[in-house]
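A.B. asks: Structure provided below as structure tokens; questions to follow.
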Amino acid sequence: MKKYVWIIGLCTLMTGGMTSCEQPGDNQEGARIHLLNNNWNLNVPTVAQAELNGDSVEGTLPIPTDIEKGFTIKCKVNLCTPTFDRHLIEIPGVLDVCLKQYNPFDRNKQNYPAYKMQDGTVPVLEAGLELKSPVDGHMERMTVGIPLAMLEQPWGEHEVVLNFSGVRWSMYVDGQLLDNDFPLGYPLAEKMERWKIDTAFVSQAELFYPAIQPERMDGAETGLQPQVQFWTPTGHNAWVGDVVSLYHDGTYHLFYLYDRRGHQSKFGRGGHYFEHLSTKDFRHWTEHEAAVPIEEQWETFGTGTPFVFNNQLCISYGYHTTRIYPREQTTLPELYKYLEDNGHTGNFDRHQMSGVAAGSSYSISDDGIHFRKTGVLFHPCENPSIYVDPKGDLKMLANYGARGTWASDSVSGGWRCLDENFPLGGDCTFFFHWGDYDYIIGGFTRLWSKQTAQPDSAYQDVVATGRDFYNGSCVPTITEIFDNRFVMAGWMWMKAWGGPLVIHELVQLPDGRIGTKWMDELLPVTSTEVTTIPENSTKIETLPSNSFLLTFDVTPVTSDGKLSVSLLPATDKGMQDACEWKLDGTEKRAQYSFVGDWTARESSLREGGAPQQGRNYAIENLLDTDQTFTVRMVVKASEKFDGSLVDTEIAGKRTMVSYREKLTAERLQFRTENMDIKNIRITPLVAD
């Protein structure tokens, strides 16, 4: 006879049901990032070129002689609830600073509803700047802005500084950088003739030519620092993009493409650049200044890799200039011509070339913290993945605009193609070596492996066998750290490109197969309150928290057992956003899906599924689930996420992550068939 058990999570003490107790906290500190100070010295000159106040609400402006040097506006603004759109500062045809109510359901680009007022409204302060494109001359508005609820005290007087440097369009409020974008083009200087203010909100406004150069204040950010796992950069619209990493001289370096607006900065061209975190023990992390900042308007960077060459830490990257300029206006034709004429790439100084720089370049560092751009263009591909192979040879996997495996004796040029058809290009591919095996993983959907002793032609498609270890994270980068351990870092797709940071540890089987598990150092900080559910409980109650750690042990009764965990919203909410995680013992599969038909089957990557989208998908060929095993699940709800992130570890050998849009879990439901569940524990997460 089949055994069916329904177990519903409870949060109150009830006879025969869920019970609560306290336990000593083993991980109350957690792994945290010491962030850079976000307070800035804004150093405006003592004399402004133009000023408006209560006695002078409109006036003329001196037309700037060189608009490329930018301008700065500093103003005192009295923020209050806007009943309709209020235009605080206007330079007709150039600038509009607006205070308005924003649609609390619109998460596009700015993600303003990440911060709502207590009544659910989303008042915002925006500054729109009209820019003339250097490519085709059309005018387009670039907007920066903030939801007022992100301010510690939204209402009342605030100092707002708007800074157009030519490279950045930034909004500072009370000395803190709260939003920026990366311009493409300049305002029409001839239109900067007059300006005006709304004195109901602005008591003083000053304009300065040229733009000021803000300087970050010394010291780290004060207060409790955020946890590393599932971290996103500070702000309503800031996310982690592609991650690349390296362990060197006892330090793990994590570089990530900083993203605002889900790839919509710089008018949709991305506006990405490499930020830098580091750690020695994976518990104490440090944020550094950007390793590869944007310093010119045409710059937007694509994924590369950090590597060590001649005992020097380097990071490669691609100039994604073709997202801005036509190919014929870039350096790519010259780079390709040299390659075709010589059979290998050249060494070009981008400053000496007539076209706008495009293709591969790199930066170097003497201390592992401060990096400088070399200005060298060494290959026409725009996502260069450089590594040193087990023999000590310098290799590169070409992506984005090129493909194949390349080799050279020097980073700066002389790259010759070893195999023009492998890897296939497109995805951001990374090489790693572990024991007797070599691996190449693609950014989203590809994985190959071979024994190290075999030639490169022996690489086998792991995805085709259903034994890949894609787990819902995007563009995973693999790095060997201390004690023969390997770490995989990536980001989680949510609303758009970019999301929270996700780091898991790899496990390797004797046959070279790779699995994943949670990293001990990065376990979430939990409360001392622990809620337990007796095995086979049938009570129905709500969860103790929307963000929690769930653990339980599973013992298969027969080989065809099944198990599901449903994350349910409150009883007054619809079930369309509810999530079900299910494990099938017969097929050794696990999946995320919507709650409903228990027989519904999601597709794995091999079957055409899309784990990289982080929604509903399956993984195959589970490990060590024939005997008693443990399942751990973290559910993290967040207003910034507009939903919940779910991270599940199965038997310490496989992990899978999913983003559940709009879901706030209020109830928890287990269902089993020929599987026993014991030691069910629910522990609330401690908020950052």
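By convention here, the chains of the structure tokens are called A, B, ... in the order presented, each chain's residues are numbered starting at 1, and ligands are numbered starting at 1 in the order presented.
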Quick one: residues within 10 Å of His263 in chain A, only C-alpha atoms counted, chain neighbours fewer than 5 positions away excluded, as a list in words?

C.D. replies: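 Contacts, with the query itself left out: Lys109, Trp239, Gly241, Tyr258, Gly268, Arg269, Gly270, Gly271, His272, Ala496, Trp497 and Gly498 of chain A.
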
A.B. asks: List every residue of range 160-376 of chain A that DSSP, applied to the backbone of this structure, places in strand (DSSP E), and write the result as a VMD selection string.

C.D. replies: chain A and resid 160 to 164 169 to 173 176 to 181 194 to 197 202 to 208 215 to 216 238 to 248 251 to 260 273 to 279 284 to 292 301 to 302 306 to 309 312 to 319 348 to 349 359 to 365 371 to 373 376

A.B. asks: Can you pull out the residues contacting range 83-88 of chain A? Cut-off 6 Å, using only C-alpha atoms, and skip same-chain residues under 3 positions away; I want them as a tab-separated table (two decimals) with N, CA and C atoms, in the first residue's frame.

C.D. replies:
chain	number	residue	atom	x	y	z
A	97	VAL	N	13.77	68.42	-13.38
A	97	VAL	CA	13.82	67.74	-12.09
A	97	VAL	C	12.40	67.70	-11.57
A	98	CYS	N	11.88	66.49	-11.37
A	98	CYS	CA	10.46	66.30	-11.10
A	98	CYS	C	10.23	65.50	-9.83
A	99	LEU	N	9.25	65.93	-9.04
A	99	LEU	CA	8.78	65.19	-7.87
A	99	LEU	C	7.38	64.69	-8.22
A	100	LYS	N	7.18	63.37	-8.14
A	100	LYS	CA	5.90	62.82	-8.59
A	100	LYS	C	5.60	61.50	-7.91
A	197	ILE	N	12.97	77.66	-10.97
A	197	ILE	CA	12.71	76.73	-9.88
A	197	ILE	C	11.29	76.91	-9.37
A	198	ASP	N	10.77	75.88	-8.71
A	198	ASP	CA	9.49	75.94	-8.02
A	198	ASP	C	9.80	76.19	-6.56

A.B. asks: With a cut-off of 10 Å, could you pull out the residues of range 26-100 of chain A touching range 229-234 of chain A and give me the nearest pair of atoms for each, distance in Å to one decimal, using only C-alpha atoms, ordered by chain and ascending number, as a Markdown table?

C.D. replies:
| residue | atom | partner | partner_atom | distance |
| --- | --- | --- | --- | --- |
| A:Gly30 | CA | A:Gln229 | CA | 9.6 |
| A:Ala31 | CA | A:Gln229 | CA | 7.8 |
| A:Arg32 | CA | A:Gln229 | CA | 8.6 |
| A:Ile33 | CA | A:Trp231 | CA | 9.1 |
| A:Leu35 | CA | A:Thr234 | CA | 9.4 |
| A:Asn38 | CA | A:Thr234 | CA | 9.4 |

A.B. asks: Please indicate the distance in Å from CA of Pro134 in chain A to CA of Gln329 in chain A, rounded to one decimal place.

C.D. replies: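 Between CA of Pro134 in chain A and CA of Gln329 in chain A the gap works out to 12.0 Å.
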
A.B. asks: Go through range 328-518 of chain A and collect every residue that DSSP, computed from the backbone, puts in alpha helix (DSSP H); the answer should be as a list in words.

C.D. replies: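 Of range 328-518 of chain A, the ones in alpha helix (DSSP H) are Leu332, Pro333, Glu334, Leu335, Tyr336, Lys337, Tyr338, Leu339, Glu340, Asp341 and Asn342 of chain A.
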
A.B. asks: As JSON, numbers by chain, please: the residues near range 544-553 of chain A (cut-off 6 Å, only C-alpha atoms, same-chain neighbours under 3 positions excluded).

C.D. replies: {"A": [11, 629, 630, 631, 632, 633, 634, 635, 636, 637, 665, 677, 678, 679, 680, 681, 682, 683, 684, 685]}

A.B. asks: When distances are computed from only C-alpha atoms, which of A:Asn43, A:Ser644, A:Gln101, A:Ser245 shows the smallest separation from Asn163 in chain A?

C.D. replies: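 Of A:Asn43, A:Ser644, A:Gln101, A:Ser245, the one nearest Asn163 in chain A, counting only C-alpha atoms, is A:Asn43.
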
A.B. asks: Pick from A:Glu159, A:Val122, A:Asn103, A:Phe255: nearest to Glu206 in chain A, with only C-alpha atoms counted?

C.D. replies: A:Glu159

A.B. asks: Tell me, as an NGL selection string, which residues lie within 8 Å of range 305-314 of chain A, counting only C-alpha atoms; anything in the same chain fewer than 4 positions away does not count.

C.D. replies: :A and (244-246 or 362-366 or 368 or 384-388 or 411)
